[in-house]
Structure formats: structure tokens, C-alpha cells
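Participant: Below you'll find the structure I mean.
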Amino acid sequence: MARGFKRKGETFVAKLDAVERGLVVGLMEQVRELLEPDEPDEPGADAASRSAGDHGGDAFDQIVAGLGGSGWGVSVSPEDQAPGAPTSPGRLGERDPALDRLLPSAHREDEQIAAEFRRLTEHGLRARKTANLSTAIAAISGAEEPRVELDQAQAVALVVALTDVRLVLGERLGLHSDEDLELIEEHVSSLDDDDPAVYALAVYDFLTWLQETLAHALSR
């Protein structure tokens with residue numbers, strides 16, 4: 001059974017078994033793959049972005065069409081979402097809406113300004129987020145089961161990485177407000193325990209709890 005993070009001197013310690021560590025690492029790897037920056041002027045990059053955008057979406061009954069991948073079987077990869085799921089309207093270009101959660105627009109009212117700002121800054125931001133996720137992945141992967149011990153830099157990296165994972169999983173679940181969470185929890189309560197939606201929400205709750213224990217330990 002998992003035990004949340006606590007501060008032990010200059011380190012932050014939790015207990016996670018192999019399955020729980022696999023969940024966290026697997027989902028962080030998927031988000032890192034989503035975020036990995038394209039090479040500048042790479043041929044086909046725009047087409048790939050459009051293709052990823054076509055498979056995004058937040059329809060509740062289609063949140064986890066792809067099971068069996070890393071991360072306890074919960075996939076946040078756009079390719080694993082149900083084909084034909086509606087994408088969020090009003091986005092800047094046709095791309096995975098989860099990227100807009102991770103890399104929000106700098107100007108919501110002027111698409112031209114937002115697109116230019118994104119062109120100048122997004123590659124670097126993706127690289128920084130990817131590097132942070134790599135730090136968090138290495139820290140969890142290198143832990144000696146069941147003890148996970150992090151230094152200050154690793155703990156900060158994991159808090160930020162868990163935020164990114166929750167943003168992507170939240171987009172797949174259709175979580176954009178507290179009201180959405182309440183509606184989804186109400187809907188899930190009427191489903192069978194083996195329903196993928198029940199599983200996905202349980203994973204989201206687990207990540208939220210883990211992040212909160214680490215953030216609390218860091219603030220002490």
C-alpha cells in the first residue's frame with residue numbers, strides 16, 4: 001500500500017510498490033513523448049500535429065479507448081483515444097487539445113499574436129518540460145522498492161511532472177472545472193467497478209493524492 005511523501009531531513013521519502021511506480025513512470029513517459037519538441041522546420045511536423053489533434057477529445061464515454069499500455073493500462077497518448085471523439089473548439093490550429101493545457105496560449109483573443117509567440121517560445125518550453133519529466137522518471141525508476149527517496153531538486157521536478165500528467169489525463173477525462181469533476185464522479189458511481197472510466201478516475205485521484213503529499217512535504 002502506498003505511503004505518501006514525508007520530509008526526512010534533507011530528503012523526501014515515500015513508499016510505492018512496483019505497480020505504483022510503474023503507473024507513475026509510465027504516464028510520465030507518455031506525457032514526455034507528447035511534449036518532445038519537433039525539430040525546427042521538420043518535414044511533416046504540421047501534419048503530425050494535425051493528426052494528433054484529430055484523436056484528442058474529452059467525451060467522457062471515450063476517455064480511455066486504448067488500454068494495455070504503460071501506466072496501469074491507462075493511456076494518455078492521443079493515438080489511443082477513441083477515433084472521432086470531438087476536439088475542443090476555438091483552438092489555435094488543429095492539434096491535440098492536451099497540448100493547449102500544457103502549453104497555454106499567450107493571447108486568447110488574437111490568434112496571430114498567439115501563434116507568433118508560440119513559434120518563438122514553444123520549442124524551448126517543450127524541451128524544458130521534457131527535461132523535467134526525464135529527471136522525475138529517472139528518480140522514480142532508480143528507487144529501491146518500495147522506498148522512494150528524493151532530494152530537493154528531484155522532489156520539485158516530480159511535483160511539476162505530476163502537474164503535467166494530471167493536466168493531460170484531466171483533458172482526456174474532460175476535466176476543466178470543479179463542476180466537471182463532480183459530474184464525472186457522479187457518473188462513475190453508477191458504473192461497474194471494471195469500467196475503464198472508473199479505473200482512469202482512480203488513477204487521477206491517486207496522482208492528485210501523491211502530488212499533494214509531496215507538495216506539503218516541500219512546503220514544510
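Letters for chains follow the order of the C-alpha cells (A, B, ...), residue numbers begin at 1 for each chain, and ligand numbers begin at 1 in the order shown.
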Please report as CSV every residue of segment 126-213 of chain A lying within 8 Å of segment 13-23 of chain A, along with the nearest atom pair and their distance in Å (one decimal), using only C-alpha atoms.
Facilitator:
residue,atom,partner,partner_atom,distance
A:Ile140,CA,A:Arg21,CA,6.7
A:Ser141,CA,A:Arg21,CA,7.4
A:Glu145,CA,A:Asp17,CA,6.2
A:Pro146,CA,A:Asp17,CA,5.0
A:Arg147,CA,A:Lys15,CA,4.7
A:Val148,CA,A:Ala14,CA,5.1
A:Glu149,CA,A:Val13,CA,4.5
A:Leu150,CA,A:Val13,CA,6.5
Participant: Since we have the selection now, will you write its residues out, keeping C-alpha atoms, as a compact mmCIF listing (two decimals), in the first residue's frame?
Facilitator:
# COMPACT_ATOMS: atom_id res chain seq x y z
CA ILE A 140 11.31 7.11 -9.56
CA SER A 141 12.83 4.42 -11.80
CA GLU A 145 11.47 -0.79 -3.89
CA PRO A 146 9.42 0.16 -2.01
CA ARG A 147 11.33 3.22 -0.74
CA VAL A 148 11.34 6.28 -2.97
CA GLU A 149 13.81 8.88 -1.71
CA LEU A 150 14.24 12.22 -3.48
Participant: Between A:Val165, A:Val24, A:Ala217, A:Leu201, single out the one closest to Ile137 of chain A, counting only C-alpha atoms.
Facilitator: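 Looking at the shortest contact to Ile137 of chain A, the residue is A:Val24.
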Participant: Compile the contact shell of Ala202 of chain A as a ChimeraX atom specification: residues with an atom at most 12 Å away, counting only C-alpha atoms, same-chain residues fewer than 5 positions apart removed.
Facilitator: /A:23,72,74,169-170,173,184-185,188-189,193-197,207-209
Participant: Tell me which of A:Val203, A:Val168, A:Leu133, A:Ala155 sits closest to Phe12 of chain A, counting only C-alpha atoms.
Facilitator: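 Going through A:Val203, A:Val168, A:Leu133, A:Ala155 one by one, the smallest distance to Phe12 of chain A is for A:Ala155.
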